[in-house]
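**Q** Have a look at this one.
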2 protein chains.
Amino acid sequence: MKILHSTPAGDNFYMPAEFEPHSGCIMIWPERSDSWQFGGYAARKAFVQIAEAIAKSEEVTVCAGYSQYNNARQALPPHIRVIEMSSDDAWARDVAPTFVINKDGELRGINWQFNAWGGLVDGLYFPWDKDNAMANKLCDLYRADVYDAGNFVLEGGSVHVDGQGTALVTENCLLSAGRNPSMSKSEIEEYLKAYLNVSKVIWLKCGIYNDETNEHVDNICAFVKPGHVVLAWTDDTDDPQYEMSKSCHDILCGSTDAKGRKITVHKLYQPKPVCITEKECEGLDNMNFEPTRIPGERLAASYVNFYISNGAVVMPGFAKPDADDEFNASYRNSDAAARRTLSELFPDREIIQIYTRDILIGGGNIHCITQQIPTPCPNKSNIPSDTAGNQS
Amino acid sequence: MKILHSTPAGDNFYMPAEFEPHSGCIMIWPERSDSWQFGGYAARKAFVQIAEAIAKSEEVTVCAGYSQYNNARQALPPHIRVIEMSSDDAWARDVAPTFVINKDGELRGINWQFNAWGGLVDGLYFPWDKDNAMANKLCDLYRADVYDAGNFVLEGGSVHVDGQGTALVTENCLLSAGRNPSMSKSEIEEYLKAYLNVSKVIWLKCGIYNDETNEHVDNICAFVKPGHVVLAWTDDTDDPQYEMSKSCHDILCGSTDAKGRKITVHKLYQPKPVCITEKECEGLDNMNFEPTRIPGERLAASYVNFYISNGAVVMPGFAKPDADDEFNASYRNSDAAARRTLSELFPDREIIQIYTRDILIGGGNIHCITQQIPTPCPNKSNIPSDTAGNQS
């Protein structure tokens with residue numbers, strides 16, 4: 001694996017959209033007891049279901065630390081590969097490389113700096129060295145050369161692309177004090193353009209209420225095809241999420257993408273607020289003598305946090321299966337509505353909904369714990385670099 | 001990765017000879033300070049040279065523990081892959097899977113039990129659980145299903161095959177008290193036949209003098225092509241090695257292989273005894289409060305401990321490069337003679353000789369720290385199972 005100090009844009013590599021073909025998916029086995037309640041058993045069951053859902057249409061590799069390797073190997077079916085790799089937690093989206101491809105069918109990775117979503121300013125754990133080492137290790141595993149993005153701090157979950165020259169980000173995340181405080185917005189934009197090989201960056205202001213990643217875009221808005229996004233939405237004007245989603249909606253409706261298309265926004269209705277219970281909090285170990293969650297704390301639930309596999313959209317659900325109580329009834333309705341919305345937007349893909357409350361308690365959802373490996377497509381016609389002259 | 005409880009012979013898989021095509025080679029980065037003198041720096045340099053020599057003609061993957069990963073990645077050139085994997089030491093031959101192939105072009109591994117060359121009877125370190133877990137992990141890495149050999153204890157270095165139905169082993173090793181003491185010689189032979197898919201096992205009595213593996217065959221005798229072996233040899237009748245090598249010679253000359261051919265023995269002359277110095281011993285940490293080597297101890301040096309890569313024979317040398325003292329002069333002569341012998345036996349391969357005294361101090365040599373991954377050859381005609389009826 002070579003470490004490259006040039007940029008993907010300079011080398012005619014680009015990041016394809018998630019809805020383009022994948023050669024596989026990377027996940028990480030959860031184990032830390034201050035992230036995953038009651039020893040992670042429930043979260044791991046959800047991880048297994050997600051891995052199995054993705055593995056129906058693409059190869060899945062799960063990274064497990066030495067001490068959990070055997071458990072992971074036993075819990076996952078044989079067609080899912082488990083490899084040993086140390087991590088600080090289980091957020092493959094943010095610590096695995098962002099992969100880029102070129103029209104010669106080559107695959108490379110990008111190694112962003114990872115500092116646990118804010119380093120010593122407002123990061124979520126310390127240390128994060130094992131996580132930060134993973135991007136290079138994964139590139140080596142896949143025999144992909146890797147772009148060294150230097151000191152630039154970014155997580156995979158803080159960007160979405162349409163594969164045709166457009167990126168989506170949030171200001172609250174990318175301009176946060178814990179990431180690249182010495183850089184201006186336009187300098188950050190230049191980095192995104194150079195590494196993702198995009199010509200247009202659409203800056204949303206914010207993400208999901210109480211999202212401790214400083215509001216990653218992947219929890220609120222995602223491309224479903226070029227020119228079309230889903231946006232997490234609520235009609236409840238008393239919910240702080242309302243103004244946040246509306247702000248995104250206004251920006252998106254006033255934007256064009258890199259190809260000059262107006263953005264069509266599809267609303268994906270939020271579940272009612274998901275708050276952690278006292279009992280759930282009892283199952284979380286403290287971190288540095290402090291609890292990581294407070295009973296009643298609202299979690300950053302969102303149906304937008306789905307993964308697009310080759311054959312499916314693997315999406316969160318918040319109603320506990322087989323629970324027919326009133327508490328779950330509301331989630332059952334919103335789960336079904338979200339499933340319908342995504343079915344209409346992805347008519348060629350199976351919609352697989354998985355109960356992920358136990359992952360949400362850890363701080364994210366299906367998109368956060370997965371990272372796709374795009375299939376390099378030789379001689380594909382519409383890569384951004386082919387039309388770069390027309391875009392900016 | 002499926003775990004299989006059938007046998008390779010039953011499934012028409014077999015172990016090809018090392019001189020047949022490889023798709024790659026596995027090595028492990030050395031780090032333990034009671035095996036590798038002075039922190040392993042010199043041994044690692046030799047490991048890097050060996051990896052580079054092999055990588056000239058096949059893909060090399062080096063497994064490194066978490067704490068040494070970055071050092072390994074930096075010391076090895078970019079075209080050699082480094083993956084994180086925990087181990088107890090660095091003997092890939094003995095802890096990586098033995099790979100088998102079939103005529104449909106499929107690759108599988110065998111997971112023997114590994115107990116550090118003798119377990120609690122006369123094993124060389126404790127614990128060995130990380131080593132023993134590696135075969136399955138490596139099979140999973142290569143997406144190869146793995147045969148579970150149950151409780152049967154074996155190391156890759158204790159067997160050689162000709163790929164045409166014949167295996168070579170030593171009694172001192174395979175019948176040792178620390179491996180399978182409850183099994184008879186014929187029961188062990190049945191295991192070898194079932195897992196390696198051979199019809200003939202040639203039992204040498206012994207190996208190299210003072211070889212702490214209970215005298216692995218791969219240090220004294222190796223197939224160079226079907227019907228032909230090299231045997232470590234000395235003409236010095238006062239050397240305890242003389243009677244050991246002569247015993248092997250007599251057995252080999254009186255043996256036929258699985259195809260009924262008489263075995264031709266090519267003598268590969270030993271270096272003069274290689275003994276560890278007081279200074280070298282000072283560089284070895286104690287194990288359990290006891291030294292692992294005693295000054296003056298004779299090491300199990302042998303030129304037979306080479307690796308056959310696709311394009312080369314990578315062989316040990318014992319003369320320190322650029323040292324023109326008398327001590328090294330004798331080794332320089334024997335190194336050259338051994339090189340000539342192997343050149344004649346492998347006319348189509350480059351002979352690459354590497355100074356490996358620093359590996360020998362660890363307890364083995366080039367063959368011990370490498371494990372080939374054979375290239376499955378669809379529709380190959382002379383696999384043992386095709387002719388099994390004629391062989392036994």
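By convention in this document, the chains of the structure tokens carry letters A, B, ... by their order, each chain's residues are numbered from 1, and ligands are numbered from 1 in the order they are shown.
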Compile the residues of chain A that lie within 12 Å of chain B, evaluated using only C-alpha atoms, and express the compilation as a ChimeraX atom specification.

**A** /A:1-4,59-67,69-70,72-74,76-87,129-130,133-134,136-146

**Q** After superposing chain A onto chain B (least squares, all C-alpha atoms, pairing by order), export the transformed chain as a short mmCIF file (atom, residue, chain, number, x, y, z; two decimals) with C-alpha atoms, in the first residue's frame.

**A**
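Written out: superposed_17.cif:
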```cif
data_model
loop_
_atom_site.label_atom_id
_atom_site.label_comp_id
_atom_site.auth_asym_id
_atom_site.auth_seq_id
_atom_site.Cartn_x
_atom_site.Cartn_y
_atom_site.Cartn_z
CA MET A 1 -15.41 -19.08 6.25
CA LYS A 2 -16.98 -22.44 6.90
CA ILE A 3 -15.43 -24.82 9.40
CA LEU A 4 -15.39 -28.27 7.88
CA HIS A 5 -15.42 -31.53 9.80
CA SER A 6 -14.82 -33.73 6.79
CA THR A 7 -11.25 -34.40 5.51
CA PRO A 8 -9.39 -33.11 2.46
CA ALA A 9 -8.88 -36.64 1.15
CA GLY A 10 -12.59 -37.34 1.48
CA ASP A 11 -13.34 -34.13 -0.43
CA ASN A 12 -10.64 -34.63 -3.10
CA PHE A 13 -8.50 -31.78 -1.84
CA TYR A 14 -4.73 -32.25 -1.44
CA MET A 15 -1.64 -30.36 -0.41
CA PRO A 16 0.48 -29.45 -3.42
CA ALA A 17 4.28 -29.36 -3.23
CA GLU A 18 6.00 -26.13 -2.35
CA PHE A 19 7.63 -26.02 -5.79
CA GLU A 20 4.21 -25.75 -7.46
CA PRO A 21 2.71 -22.30 -8.18
CA HIS A 22 1.83 -20.02 -5.28
CA SER A 23 -0.69 -17.20 -5.12
CA GLY A 24 1.14 -15.75 -2.15
CA CYS A 25 3.09 -16.15 1.05
CA ILE A 26 2.27 -15.43 4.70
CA MET A 27 4.81 -14.19 7.25
CA ILE A 28 4.57 -12.87 10.82
CA TRP A 29 6.46 -9.87 12.20
CA PRO A 30 8.81 -10.86 15.06
CA GLU A 31 8.61 -9.05 18.35
CA ARG A 32 9.04 -11.17 21.46
CA SER A 33 12.17 -10.23 23.33
CA ASP A 34 12.95 -13.73 24.62
CA SER A 35 13.09 -15.08 21.06
CA TRP A 36 14.74 -12.25 19.15
CA GLN A 37 17.92 -10.73 20.48
CA PHE A 38 18.32 -7.06 21.31
CA GLY A 39 14.68 -6.19 20.72
CA GLY A 40 14.44 -8.00 17.38
CA TYR A 41 15.93 -5.19 15.30
CA ALA A 42 18.42 -7.42 13.50
CA ALA A 43 15.92 -10.24 13.02
CA ARG A 44 13.39 -7.80 11.56
CA LYS A 45 15.94 -6.62 9.02
CA ALA A 46 16.37 -10.22 7.90
CA PHE A 47 12.59 -10.73 7.82
CA VAL A 48 12.29 -7.66 5.58
CA GLN A 49 14.95 -8.97 3.22
CA ILE A 50 13.19 -12.33 3.03
CA ALA A 51 9.80 -10.76 2.43
CA GLU A 52 11.27 -8.62 -0.32
CA ALA A 53 12.99 -11.62 -1.92
CA ILE A 54 9.73 -13.58 -1.96
CA ALA A 55 7.69 -10.59 -3.11
CA LYS A 56 9.74 -10.46 -6.28
CA SER A 57 7.59 -13.30 -7.61
CA GLU A 58 4.50 -13.64 -5.40
CA GLU A 59 2.29 -11.55 -3.09
CA VAL A 60 3.47 -11.39 0.50
CA THR A 61 1.26 -10.63 3.49
CA VAL A 62 2.92 -9.96 6.85
CA CYS A 63 0.86 -10.28 10.04
CA ALA A 64 1.83 -7.85 12.79
CA GLY A 65 0.48 -7.42 16.30
CA TYR A 66 -1.15 -4.11 17.15
CA SER A 67 1.85 -2.66 18.95
CA GLN A 68 4.29 -3.45 16.14
CA TYR A 69 1.97 -2.72 13.24
CA ASN A 70 3.31 0.72 12.43
CA ASN A 71 6.92 -0.41 12.65
CA ALA A 72 6.22 -3.32 10.33
CA ARG A 73 4.35 -1.12 7.88
CA GLN A 74 7.19 1.36 7.80
CA ALA A 75 9.96 -1.23 7.53
CA LEU A 76 8.35 -3.17 4.70
CA PRO A 77 8.00 -1.79 1.17
CA PRO A 78 4.53 -0.72 -0.01
CA HIS A 79 3.94 -3.72 -2.28
CA ILE A 80 4.08 -6.04 0.75
CA ARG A 81 0.78 -6.07 2.61
CA VAL A 82 0.75 -5.75 6.40
CA ILE A 83 -2.33 -6.82 8.31
CA GLU A 84 -3.00 -6.67 12.02
CA MET A 85 -3.13 -10.09 13.67
CA SER A 86 -2.13 -11.12 17.18
CA SER A 87 0.41 -13.91 17.57
CA ASP A 88 2.61 -15.37 20.25
CA ASP A 89 5.66 -15.41 18.00
CA ALA A 90 6.60 -15.34 14.34
CA TRP A 91 6.59 -18.92 12.98
CA ALA A 92 4.18 -18.74 10.06
CA ARG A 93 5.11 -22.22 8.84
CA ASP A 94 3.82 -23.75 12.03
CA VAL A 95 0.85 -21.57 12.93
CA ALA A 96 -0.56 -20.50 9.57
CA PRO A 97 -2.89 -22.99 7.89
CA THR A 98 -1.59 -25.76 5.68
CA PHE A 99 -3.42 -25.04 2.44
CA VAL A 100 -4.99 -27.64 0.19
CA ILE A 101 -6.52 -27.30 -3.27
CA ASN A 102 -8.72 -29.32 -5.59
CA LYS A 103 -9.02 -29.68 -9.33
CA ASP A 104 -11.97 -27.29 -9.43
CA GLY A 105 -9.65 -24.45 -8.51
CA GLU A 106 -10.75 -24.18 -4.88
CA LEU A 107 -8.53 -23.34 -1.92
CA ARG A 108 -9.07 -24.53 1.64
CA GLY A 109 -6.98 -24.52 4.80
CA ILE A 110 -6.26 -27.02 7.56
CA ASN A 111 -6.31 -25.89 11.17
CA TRP A 112 -4.03 -28.24 13.10
CA GLN A 113 -3.76 -27.89 16.85
CA PHE A 114 -0.68 -25.87 17.69
CA ASN A 115 0.87 -26.21 21.16
CA ALA A 116 4.23 -24.46 20.82
CA TRP A 117 6.08 -27.66 19.83
CA GLY A 118 5.17 -29.82 22.77
CA GLY A 119 2.66 -28.11 25.05
CA LEU A 120 3.28 -28.53 28.75
CA VAL A 121 5.63 -31.47 28.11
CA ASP A 122 8.41 -29.76 26.19
CA GLY A 123 6.82 -26.77 24.47
CA LEU A 124 8.89 -23.66 23.97
CA TYR A 125 6.56 -21.04 25.38
CA PHE A 126 3.29 -20.62 27.20
CA PRO A 127 0.64 -19.57 26.40
CA TRP A 128 0.23 -20.26 22.69
CA ASP A 129 -3.43 -19.36 22.27
CA LYS A 130 -2.84 -16.44 19.90
CA ASP A 131 -0.73 -18.64 17.64
CA ASN A 132 -3.28 -21.42 17.72
CA ALA A 133 -6.02 -19.01 16.63
CA MET A 134 -4.16 -17.85 13.54
CA ALA A 135 -4.91 -20.67 11.11
CA ASN A 136 -8.63 -20.00 11.20
CA LYS A 137 -8.13 -16.24 11.05
CA LEU A 138 -5.91 -16.56 8.02
CA CYS A 139 -8.37 -18.84 6.26
CA ASP A 140 -11.09 -16.27 6.91
CA LEU A 141 -8.83 -13.52 5.58
CA TYR A 142 -8.37 -15.45 2.33
CA ARG A 143 -12.03 -16.47 2.25
CA ALA A 144 -10.98 -20.13 2.36
CA ASP A 145 -13.05 -22.71 4.22
CA VAL A 146 -11.06 -24.54 6.86
CA TYR A 147 -10.74 -28.17 7.91
CA ASP A 148 -10.85 -28.58 11.66
CA ALA A 149 -8.28 -31.26 12.42
CA GLY A 150 -9.72 -31.67 15.91
CA ASN A 151 -7.23 -32.38 18.66
CA PHE A 152 -4.52 -33.52 16.29
CA VAL A 153 -1.32 -31.58 17.04
CA LEU A 154 0.88 -30.83 14.05
CA GLU A 155 2.98 -28.00 12.68
CA GLY A 156 3.51 -27.12 9.04
CA GLY A 157 7.26 -27.53 9.49
CA SER A 158 6.89 -31.14 10.53
CA VAL A 159 5.68 -32.32 7.11
CA HIS A 160 6.85 -31.99 3.54
CA VAL A 161 4.95 -33.33 0.53
CA ASP A 162 5.78 -33.91 -3.12
CA GLY A 163 2.24 -33.04 -4.26
CA GLN A 164 1.98 -36.49 -5.81
CA GLY A 165 0.94 -38.55 -2.85
CA THR A 166 4.08 -38.66 -0.70
CA ALA A 167 4.76 -37.08 2.69
CA LEU A 168 8.05 -36.83 4.59
CA VAL A 169 8.09 -36.62 8.39
CA THR A 170 10.37 -37.45 11.34
CA GLU A 171 9.55 -39.87 14.14
CA ASN A 172 11.28 -37.76 16.75
CA CYS A 173 8.81 -34.96 16.06
CA LEU A 174 5.56 -36.68 15.18
CA LEU A 175 5.88 -39.33 17.87
CA SER A 176 7.04 -36.88 20.56
CA ALA A 177 5.43 -37.03 23.99
CA GLY A 178 4.21 -33.43 23.77
CA ARG A 179 2.06 -33.75 20.68
CA ASN A 180 -0.22 -36.76 20.23
CA PRO A 181 0.96 -39.19 22.92
CA SER A 182 -2.24 -41.20 22.92
CA MET A 183 -1.97 -42.00 19.23
CA SER A 184 0.02 -44.81 17.67
CA LYS A 185 2.32 -44.26 14.73
CA SER A 186 -0.18 -45.86 12.39
CA GLU A 187 -3.01 -43.71 13.71
CA ILE A 188 -0.90 -40.60 13.12
CA GLU A 189 -0.14 -41.84 9.63
CA GLU A 190 -3.85 -42.21 8.94
CA TYR A 191 -4.37 -38.60 9.97
CA LEU A 192 -1.63 -37.45 7.61
CA LYS A 193 -3.14 -39.44 4.78
CA ALA A 194 -6.61 -38.06 5.44
CA TYR A 195 -5.60 -34.41 5.76
CA LEU A 196 -2.70 -34.07 3.31
CA ASN A 197 -4.31 -36.55 0.94
CA VAL A 198 -1.18 -38.65 0.58
CA SER A 199 -0.96 -42.40 0.18
CA LYS A 200 2.64 -42.84 1.34
CA VAL A 201 4.38 -41.46 4.41
CA ILE A 202 8.16 -41.75 4.59
CA TRP A 203 9.23 -41.75 8.23
CA LEU A 204 12.71 -40.44 8.89
CA LYS A 205 13.93 -41.07 12.42
CA CYS A 206 15.33 -37.68 13.22
CA GLY A 207 16.22 -34.19 12.05
CA ILE A 208 18.89 -31.63 12.84
CA TYR A 209 20.94 -31.97 16.04
CA ASN A 210 19.62 -29.84 18.89
CA ASP A 211 16.54 -28.77 16.93
CA GLU A 212 14.13 -27.71 19.65
CA THR A 213 11.06 -28.48 17.52
CA ASN A 214 11.80 -32.15 18.24
CA GLU A 215 13.49 -32.16 14.85
CA HIS A 216 11.11 -30.88 12.21
CA VAL A 217 11.63 -32.49 8.83
CA ASP A 218 11.76 -29.09 7.11
CA ASN A 219 15.14 -28.38 8.66
CA ILE A 220 16.78 -31.56 7.37
CA CYS A 221 15.09 -32.77 4.20
CA ALA A 222 12.92 -31.27 1.46
CA PHE A 223 11.51 -32.28 -1.89
CA VAL A 224 13.06 -30.37 -4.76
CA LYS A 225 10.96 -32.15 -7.36
CA PRO A 226 9.01 -35.41 -7.41
CA GLY A 227 11.37 -38.29 -6.57
CA HIS A 228 14.17 -35.96 -5.48
CA VAL A 229 15.07 -34.59 -2.06
CA VAL A 230 17.86 -32.56 -0.54
CA LEU A 231 19.23 -33.82 2.74
CA ALA A 232 21.33 -31.83 5.22
CA TRP A 233 24.69 -33.56 5.27
CA THR A 234 28.11 -33.61 6.92
CA ASP A 235 31.08 -35.84 6.28
CA ASP A 236 32.40 -35.24 9.80
CA THR A 237 31.86 -38.53 11.57
CA ASP A 238 32.59 -36.88 14.94
CA ASP A 239 29.64 -34.55 14.53
CA PRO A 240 26.44 -35.95 16.10
CA GLN A 241 24.73 -34.75 12.96
CA TYR A 242 26.57 -37.37 10.94
CA GLU A 243 24.69 -40.36 12.33
CA MET A 244 21.42 -38.47 12.18
CA SER A 245 21.83 -37.52 8.53
CA LYS A 246 23.12 -40.99 7.68
CA SER A 247 20.06 -42.58 9.24
CA CYS A 248 17.84 -40.38 7.07
CA HIS A 249 19.96 -41.16 4.03
CA ASP A 250 19.59 -44.88 4.54
CA ILE A 251 15.84 -44.68 4.96
CA LEU A 252 15.40 -42.44 1.94
CA CYS A 253 17.58 -44.60 -0.30
CA GLY A 254 15.54 -47.60 0.69
CA SER A 255 12.21 -45.91 0.04
CA THR A 256 9.95 -45.44 -2.90
CA ASP A 257 7.46 -42.62 -3.19
CA ALA A 258 3.70 -42.87 -3.73
CA LYS A 259 4.24 -43.29 -7.44
CA GLY A 260 6.69 -46.13 -6.90
CA ARG A 261 9.77 -44.08 -7.81
CA LYS A 262 13.02 -44.58 -5.90
CA ILE A 263 14.03 -41.45 -4.01
CA THR A 264 17.15 -39.69 -5.26
CA VAL A 265 18.97 -37.99 -2.39
CA HIS A 266 21.01 -34.83 -3.01
CA LYS A 267 23.35 -33.97 -0.16
CA LEU A 268 23.29 -30.37 0.98
CA TYR A 269 26.38 -29.81 3.10
CA GLN A 270 25.89 -28.21 6.49
CA PRO A 271 27.74 -25.16 7.72
CA LYS A 272 30.20 -25.75 10.53
CA PRO A 273 28.31 -25.72 13.84
CA VAL A 274 26.70 -22.37 14.62
CA CYS A 275 26.79 -21.64 18.34
CA ILE A 276 25.30 -18.68 20.15
CA THR A 277 27.77 -16.30 21.77
CA GLU A 278 27.71 -14.82 25.23
CA LYS A 279 27.05 -11.40 23.78
CA GLU A 280 24.09 -12.71 21.77
CA CYS A 281 22.66 -14.33 24.88
CA GLU A 282 22.87 -11.03 26.72
CA GLY A 283 20.40 -9.68 24.16
CA LEU A 284 17.73 -12.23 25.00
CA ASP A 285 15.22 -11.55 27.77
CA ASN A 286 14.57 -14.40 30.17
CA MET A 287 11.35 -16.40 29.96
CA ASN A 288 9.78 -17.19 33.33
CA PHE A 289 13.03 -16.12 35.03
CA GLU A 290 15.09 -18.58 32.97
CA PRO A 291 17.35 -17.82 30.01
CA THR A 292 16.08 -19.13 26.67
CA ARG A 293 19.63 -19.80 25.40
CA ILE A 294 22.96 -20.67 27.03
CA PRO A 295 26.22 -19.21 25.70
CA GLY A 296 27.91 -21.73 23.43
CA GLU A 297 24.66 -23.60 22.73
CA ARG A 298 24.66 -25.13 19.27
CA LEU A 299 21.84 -23.82 17.10
CA ALA A 300 19.97 -25.94 14.58
CA ALA A 301 21.52 -24.35 11.52
CA SER A 302 20.74 -25.92 8.13
CA TYR A 303 20.72 -24.81 4.53
CA VAL A 304 17.67 -27.03 3.94
CA ASN A 305 15.50 -24.44 5.69
CA PHE A 306 14.85 -22.55 2.44
CA TYR A 307 11.61 -21.28 0.89
CA ILE A 308 10.70 -22.04 -2.72
CA SER A 309 8.87 -19.03 -4.17
CA ASN A 310 7.43 -18.85 -7.67
CA GLY A 311 10.64 -17.41 -9.03
CA ALA A 312 13.33 -18.14 -6.49
CA VAL A 313 14.76 -20.30 -3.78
CA VAL A 314 15.25 -18.02 -0.78
CA MET A 315 17.93 -19.71 1.31
CA PRO A 316 19.83 -19.12 4.53
CA GLY A 317 23.41 -17.91 4.72
CA PHE A 318 25.55 -17.84 7.83
CA ALA A 319 28.49 -15.66 6.82
CA LYS A 320 28.02 -12.10 7.90
CA PRO A 321 28.08 -9.84 4.84
CA ASP A 322 31.17 -7.62 4.68
CA ALA A 323 32.89 -9.48 7.54
CA ASP A 324 36.19 -10.79 6.24
CA ASP A 325 37.40 -12.41 9.46
CA GLU A 326 38.34 -16.05 9.85
CA PHE A 327 35.16 -16.85 11.78
CA ASN A 328 33.04 -15.90 8.80
CA ALA A 329 35.36 -17.32 6.15
CA SER A 330 34.26 -20.90 6.78
CA TYR A 331 30.62 -19.93 6.57
CA ARG A 332 31.32 -18.02 3.39
CA ASN A 333 32.65 -21.22 1.83
CA SER A 334 29.77 -23.40 2.97
CA ASP A 335 27.26 -20.71 1.98
CA ALA A 336 28.69 -20.68 -1.52
CA ALA A 337 28.72 -24.46 -1.76
CA ALA A 338 25.10 -24.70 -0.65
CA ARG A 339 24.15 -22.01 -3.12
CA ARG A 340 25.79 -23.98 -5.90
CA THR A 341 24.00 -27.18 -4.91
CA LEU A 342 20.61 -25.48 -4.93
CA SER A 343 21.39 -23.67 -8.20
CA GLU A 344 21.91 -27.04 -9.83
CA LEU A 345 18.74 -28.49 -8.32
CA PHE A 346 16.61 -25.46 -9.22
CA PRO A 347 17.94 -24.39 -12.60
CA ASP A 348 14.85 -22.30 -13.39
CA ARG A 349 14.81 -20.31 -10.19
CA GLU A 350 16.95 -17.49 -8.89
CA ILE A 351 18.88 -18.46 -5.76
CA ILE A 352 18.65 -15.67 -3.18
CA GLN A 353 20.80 -16.18 -0.11
CA ILE A 354 20.10 -14.08 2.96
CA TYR A 355 22.15 -13.78 6.14
CA THR A 356 19.88 -15.31 8.75
CA ARG A 357 21.99 -15.86 11.85
CA ASP A 358 19.63 -13.46 13.64
CA ILE A 359 16.64 -15.63 12.70
CA LEU A 360 18.45 -18.82 13.64
CA ILE A 361 18.97 -17.43 17.13
CA GLY A 362 15.19 -17.22 17.36
CA GLY A 363 15.03 -20.95 16.70
CA GLY A 364 14.43 -21.47 13.00
CA ASN A 365 15.09 -20.19 9.55
CA ILE A 366 13.48 -19.03 6.31
CA HIS A 367 11.17 -22.01 5.81
CA CYS A 368 9.97 -21.76 9.40
CA ILE A 369 8.85 -18.14 9.04
CA THR A 370 6.99 -18.52 5.74
CA GLN A 371 3.86 -20.33 4.58
CA GLN A 372 2.92 -20.54 0.93
CA ILE A 373 -0.60 -20.21 -0.40
CA PRO A 374 -0.82 -22.55 -3.37
CA THR A 375 -2.56 -21.47 -6.55
CA PRO A 376 -5.45 -23.77 -7.21
CA CYS A 377 -4.91 -25.30 -10.63
CA PRO A 378 -8.19 -26.26 -12.26
CA ASN A 379 -8.14 -29.55 -14.12
CA LYS A 380 -4.56 -30.38 -13.23
CA SER A 381 -4.06 -33.96 -14.28
CA ASN A 382 -1.78 -35.60 -11.76
CA ILE A 383 -3.36 -34.79 -8.42
CA PRO A 384 -3.12 -37.71 -6.02
CA SER A 385 -6.83 -38.41 -5.95
CA ASP A 386 -6.81 -39.03 -9.68
CA THR A 387 -4.45 -41.93 -9.28
CA ALA A 388 -5.15 -42.94 -5.71
CA GLY A 389 -6.03 -46.44 -6.76
CA ASN A 390 -2.50 -47.07 -8.01
CA GLN A 391 -0.59 -45.66 -5.11
CA SER A 392 -1.08 -47.33 -1.80
#
```

**Q** With DSSP run on the backbone, what are the strand (DSSP E) residues within segment 310-390 of chain A? I'd like them as a short mmCIF file (atom, residue, chain, number, x, y, z; two decimals) with N, CA and C atoms, in the first residue's frame.

**A**
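Saved file selection-v5.cif follows:
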```cif
data_model
loop_
_atom_site.label_atom_id
_atom_site.label_comp_id
_atom_site.auth_asym_id
_atom_site.auth_seq_id
_atom_site.Cartn_x
_atom_site.Cartn_y
_atom_site.Cartn_z
N ALA A 312 -30.29 -3.64 -1.66
CA ALA A 312 -31.27 -3.27 -0.64
C ALA A 312 -31.00 -1.88 -0.07
N VAL A 313 -31.98 -1.37 0.62
CA VAL A 313 -31.77 -0.25 1.53
C VAL A 313 -32.00 -0.84 2.92
N VAL A 314 -30.94 -0.82 3.74
CA VAL A 314 -31.03 -1.38 5.08
C VAL A 314 -31.25 -0.21 6.02
N MET A 315 -32.45 -0.15 6.61
CA MET A 315 -32.88 1.07 7.30
C MET A 315 -33.25 0.81 8.76
N PRO A 316 -33.16 1.86 9.58
CA PRO A 316 -33.48 1.70 10.99
C PRO A 316 -34.98 1.56 11.23
N GLY A 317 -35.32 0.87 12.30
CA GLY A 317 -36.68 0.84 12.83
C GLY A 317 -36.60 1.04 14.33
N GLU A 350 -34.70 -3.96 -2.38
CA GLU A 350 -35.46 -4.45 -1.23
C GLU A 350 -35.28 -3.46 -0.08
N ILE A 351 -36.33 -3.22 0.68
CA ILE A 351 -36.21 -2.38 1.87
C ILE A 351 -36.17 -3.31 3.08
N ILE A 352 -35.06 -3.29 3.80
CA ILE A 352 -34.91 -4.17 4.97
C ILE A 352 -34.81 -3.29 6.20
N GLN A 353 -35.82 -3.39 7.05
CA GLN A 353 -35.85 -2.54 8.24
C GLN A 353 -35.43 -3.37 9.46
N ILE A 354 -34.53 -2.82 10.22
CA ILE A 354 -33.98 -3.55 11.37
C ILE A 354 -34.14 -2.70 12.63
N TYR A 355 -34.54 -3.33 13.69
CA TYR A 355 -34.75 -2.66 14.98
C TYR A 355 -33.38 -2.26 15.54
N GLN A 371 -19.37 1.06 5.98
CA GLN A 371 -18.64 1.85 4.97
C GLN A 371 -18.55 1.00 3.70
N GLN A 372 -19.08 1.54 2.62
CA GLN A 372 -19.07 0.78 1.37
C GLN A 372 -17.72 0.88 0.67
N ILE A 373 -17.41 -0.19 -0.05
CA ILE A 373 -16.24 -0.19 -0.94
C ILE A 373 -16.80 -0.16 -2.36
N PRO A 374 -16.64 0.95 -3.05
CA PRO A 374 -17.24 1.02 -4.38
C PRO A 374 -16.53 0.08 -5.36
#
```

**Q** Any chance you could list, as a ChimeraX atom specification, the residues in segment 28-172 of chain A that come up alpha helix (DSSP H) when DSSP is run on the backbone?

**A** /A:41-55,69-75,92-95,119-122,129-141,171-172
